[in-house]
Amino acid sequence: VEETLVLIKPDGVARSLTGEILRRIEAKGYSLVDIRLVQPDRSVLAKHYEEHEGKPFYEPLVEFMLSGPIVAIRVAGDRVIEGFRSLAGTTDPTTAAPGTIRGDFGRDWGLRVQQNLVHGSDSPESAARELSLWFK
Ligand code: GTP
Ligand code: MG
C-alpha cells in the first residue's frame, strides 16, 4: 500500500482544524498509520523545503513553519499521494476549489505567505524522503 507524508501546518493547528482535516482523510478511506505533534527545528525544514531554497517565498515560508506546532501524519492507501493532493486542493488558497481543504479554509496572509494549512508529498520519491525526515 502506498504511503504519504501529510503535515498540518501551524495555521491549521492554531485554528483548531486538526480534527476536521483528519476527518476528511479518514472519510476518504485512507488510514492513519502514525501521527505526532512536532516543533521542528530549522534543519528539518531546510531539508523538507530544499527544492525551494533561494525562491522569494522561501524565508517567509520557513519562518511560518517555525511559528507553532505541526502535526505530522503517515497516511496509507491506494494512490494516496495523488489522492491527498486532490483533497488538499491547489497551492494558492485564494483560488483553490471549494470542497478542498485549502479552498474551504486556507487564506493568503500578506504577499509572501500562503496559509494553505497542509502539505502532502508530491511523488513516491518525495514521500519516502519526507517520511524518513519527519518519522526518524
Ligand atoms: P506543499 O504540499 O506544502 O509542498 O505545497 P505544494 O506542493 O502545493 O506547493 P510547493 O511544493 O510548490 O510549495 C511549497 C509551499 O511553498 C506551498 O505550500 C506554499 O506554502 C509555498 N509556496 C509555493 N509557491 C509559492 C508562491 O508562489 N508564493 C508563495 N507566497 N508561497 C508559495
Ligand atoms: Mg510541494
# chains A, B, ... in the order shown; residues from 1 in each chain; ligands from 1
>>> residues_around(residues="segment 115-124 of chain A", least_positions_apart="3", cutoff="10 Å", atoms="only C-alpha atoms", output="NGL selection string")
:A and (2-15 or 17-18 or 21 or 61 or 64-65 or 70-73 or 75 or 79-94 or 96 or 101-103 or 105-110 or 112 or 127-131)
>>> select_by_dssp(residues="chain A", states="strand (DSSP E or B)", output="JSON, numbers by chain")
{"A": [3, 4, 5, 6, 7, 8, 31, 32, 33, 34, 35, 36, 37, 38, 70, 71, 72, 73, 74, 75, 76, 98, 100, 107, 108, 109, 113, 114, 115, 118, 119, 120]}
>>> residues_around(residues="segment 50-59 of chain A", least_positions_apart="4", cutoff="10 Å", atoms="only C-alpha atoms", output="PyMOL selection string")
chain A and resi 44-46+63-65+111-114
>>> write_last_selection(atoms="C-alpha atoms", output="mmCIF file, in the first residue's frame")
data_model
loop_
_atom_site.group_PDB
_atom_site.id
_atom_site.type_symbol
_atom_site.label_atom_id
_atom_site.label_comp_id
_atom_site.auth_asym_id
_atom_site.auth_seq_id
_atom_site.Cartn_x
_atom_site.Cartn_y
_atom_site.Cartn_z
ATOM 1 C CA VAL A 44 14.351 19.698 9.325
ATOM 2 C CA LEU A 45 12.533 22.467 7.459
ATOM 3 C CA ALA A 46 15.631 23.293 5.409
ATOM 4 C CA GLU A 63 9.587 31.306 9.410
ATOM 5 C CA PHE A 64 5.903 30.495 9.090
ATOM 6 C CA MET A 65 6.604 26.774 9.535
ATOM 7 C CA LEU A 111 2.049 38.712 -0.179
ATOM 8 C CA ARG A 112 4.739 36.253 0.876
ATOM 9 C CA VAL A 113 2.986 33.626 2.955
ATOM 10 C CA GLN A 114 0.239 31.301 1.937
#
>>> select_by_dssp(residues="chain A", states="alpha helix (DSSP H)", output="VMD selection string")
chain A and resid 10 to 14 18 to 27 42 to 48 58 to 65 80 to 88 101 to 105 124 to 134
>>> write_last_selection(atoms="C-alpha atoms", output="PDB file, in the first residue's frame")
ATOM      1  CA  PRO A  10       0.999  25.834  12.070  1.00  0.00           C
ATOM      2  CA  ASP A  11      -2.068  27.707  10.771  1.00  0.00           C
ATOM      3  CA  GLY A  12      -4.137  24.520  10.737  1.00  0.00           C
ATOM      4  CA  VAL A  13      -3.125  23.553  14.267  1.00  0.00           C
ATOM      5  CA  ALA A  14      -3.609  27.108  15.608  1.00  0.00           C
ATOM      6  CA  THR A  18      -6.669  19.262  13.023  1.00  0.00           C
ATOM      7  CA  GLY A  19      -9.813  17.235  13.668  1.00  0.00           C
ATOM      8  CA  GLU A  20     -11.540  18.485  10.514  1.00  0.00           C
ATOM      9  CA  ILE A  21      -8.507  17.631   8.353  1.00  0.00           C
ATOM     10  CA  LEU A  22      -8.097  14.167   9.919  1.00  0.00           C
ATOM     11  CA  ARG A  23     -11.824  13.593   9.419  1.00  0.00           C
ATOM     12  CA  ARG A  24     -11.531  14.310   5.687  1.00  0.00           C
ATOM     13  CA  ILE A  25      -8.552  11.954   5.326  1.00  0.00           C
ATOM     14  CA  GLU A  26     -10.385   9.155   7.128  1.00  0.00           C
ATOM     15  CA  ALA A  27     -13.683   9.809   5.344  1.00  0.00           C
ATOM     16  CA  ARG A  42      15.200  24.790  11.255  1.00  0.00           C
ATOM     17  CA  SER A  43      17.369  21.983   9.877  1.00  0.00           C
ATOM     18  CA  VAL A  44      14.351  19.698   9.325  1.00  0.00           C
ATOM     19  CA  LEU A  45      12.533  22.467   7.459  1.00  0.00           C
ATOM     20  CA  ALA A  46      15.631  23.293   5.409  1.00  0.00           C
ATOM     21  CA  LYS A  47      15.731  19.675   4.234  1.00  0.00           C
ATOM     22  CA  HIS A  48      11.987  19.480   3.752  1.00  0.00           C
ATOM     23  CA  TYR A  58      11.469  30.534   0.959  1.00  0.00           C
ATOM     24  CA  GLU A  59      12.495  32.515   4.074  1.00  0.00           C
ATOM     25  CA  PRO A  60       8.928  33.619   4.972  1.00  0.00           C
ATOM     26  CA  LEU A  61       7.777  30.032   4.429  1.00  0.00           C
ATOM     27  CA  VAL A  62      10.392  28.621   6.798  1.00  0.00           C
ATOM     28  CA  GLU A  63       9.587  31.306   9.410  1.00  0.00           C
ATOM     29  CA  PHE A  64       5.903  30.495   9.090  1.00  0.00           C
ATOM     30  CA  MET A  65       6.604  26.774   9.535  1.00  0.00           C
ATOM     31  CA  VAL A  80      -2.875   8.169  -1.506  1.00  0.00           C
ATOM     32  CA  ILE A  81      -0.152  10.549  -2.756  1.00  0.00           C
ATOM     33  CA  GLU A  82      -2.300  11.773  -5.619  1.00  0.00           C
ATOM     34  CA  GLY A  83      -5.499  11.397  -3.605  1.00  0.00           C
ATOM     35  CA  PHE A  84      -4.413  13.530  -0.680  1.00  0.00           C
ATOM     36  CA  ARG A  85      -3.211  16.306  -3.011  1.00  0.00           C
ATOM     37  CA  SER A  86      -6.656  16.228  -4.546  1.00  0.00           C
ATOM     38  CA  LEU A  87      -8.243  16.567  -1.089  1.00  0.00           C
ATOM     39  CA  ALA A  88      -5.844  19.429  -0.278  1.00  0.00           C
ATOM     40  CA  ILE A 101      -9.117  21.720   2.436  1.00  0.00           C
ATOM     41  CA  ARG A 102      -7.284  24.770   1.060  1.00  0.00           C
ATOM     42  CA  GLY A 103     -10.315  26.017  -0.833  1.00  0.00           C
ATOM     43  CA  ASP A 104     -12.597  25.792   2.174  1.00  0.00           C
ATOM     44  CA  PHE A 105     -10.262  27.034   4.916  1.00  0.00           C
ATOM     45  CA  PRO A 124       6.739   8.369  -4.302  1.00  0.00           C
ATOM     46  CA  GLU A 125      10.342   9.639  -4.099  1.00  0.00           C
ATOM     47  CA  SER A 126       9.300  12.722  -2.089  1.00  0.00           C
ATOM     48  CA  ALA A 127       7.101  10.609   0.174  1.00  0.00           C
ATOM     49  CA  ALA A 128       9.965   8.242   1.020  1.00  0.00           C
ATOM     50  CA  ARG A 129      12.368  11.126   1.619  1.00  0.00           C
ATOM     51  CA  GLU A 130       9.901  13.180   3.694  1.00  0.00           C
ATOM     52  CA  LEU A 131       8.616  10.245   5.770  1.00  0.00           C
ATOM     53  CA  SER A 132      12.165   9.397   6.801  1.00  0.00           C
ATOM     54  CA  LEU A 133      12.777  13.047   7.675  1.00  0.00           C
ATOM     55  CA  TRP A 134       9.663  13.533   9.854  1.00  0.00           C
TER      56      TRP A 134
END
>>> decode(residues="segment 104-115 of chain A", atoms="C-alpha atoms", output="PDB file, in the first residue's frame")
ATOM      1  CA  ASP A 104     -12.597  25.792   2.174  1.00  0.00           C
ATOM      2  CA  PHE A 105     -10.262  27.034   4.916  1.00  0.00           C
ATOM      3  CA  GLY A 106      -6.990  28.424   3.512  1.00  0.00           C
ATOM      4  CA  ARG A 107      -6.159  32.085   3.095  1.00  0.00           C
ATOM      5  CA  ASP A 108      -3.406  34.383   1.937  1.00  0.00           C
ATOM      6  CA  TRP A 109      -1.567  36.256   4.614  1.00  0.00           C
ATOM      7  CA  GLY A 110       0.219  39.217   3.102  1.00  0.00           C
ATOM      8  CA  LEU A 111       2.049  38.712  -0.179  1.00  0.00           C
ATOM      9  CA  ARG A 112       4.739  36.253   0.876  1.00  0.00           C
ATOM     10  CA  VAL A 113       2.986  33.626   2.955  1.00  0.00           C
ATOM     11  CA  GLN A 114       0.239  31.301   1.937  1.00  0.00           C
ATOM     12  CA  GLN A 115      -1.616  29.894   4.915  1.00  0.00           C
TER      13      GLN A 115
END
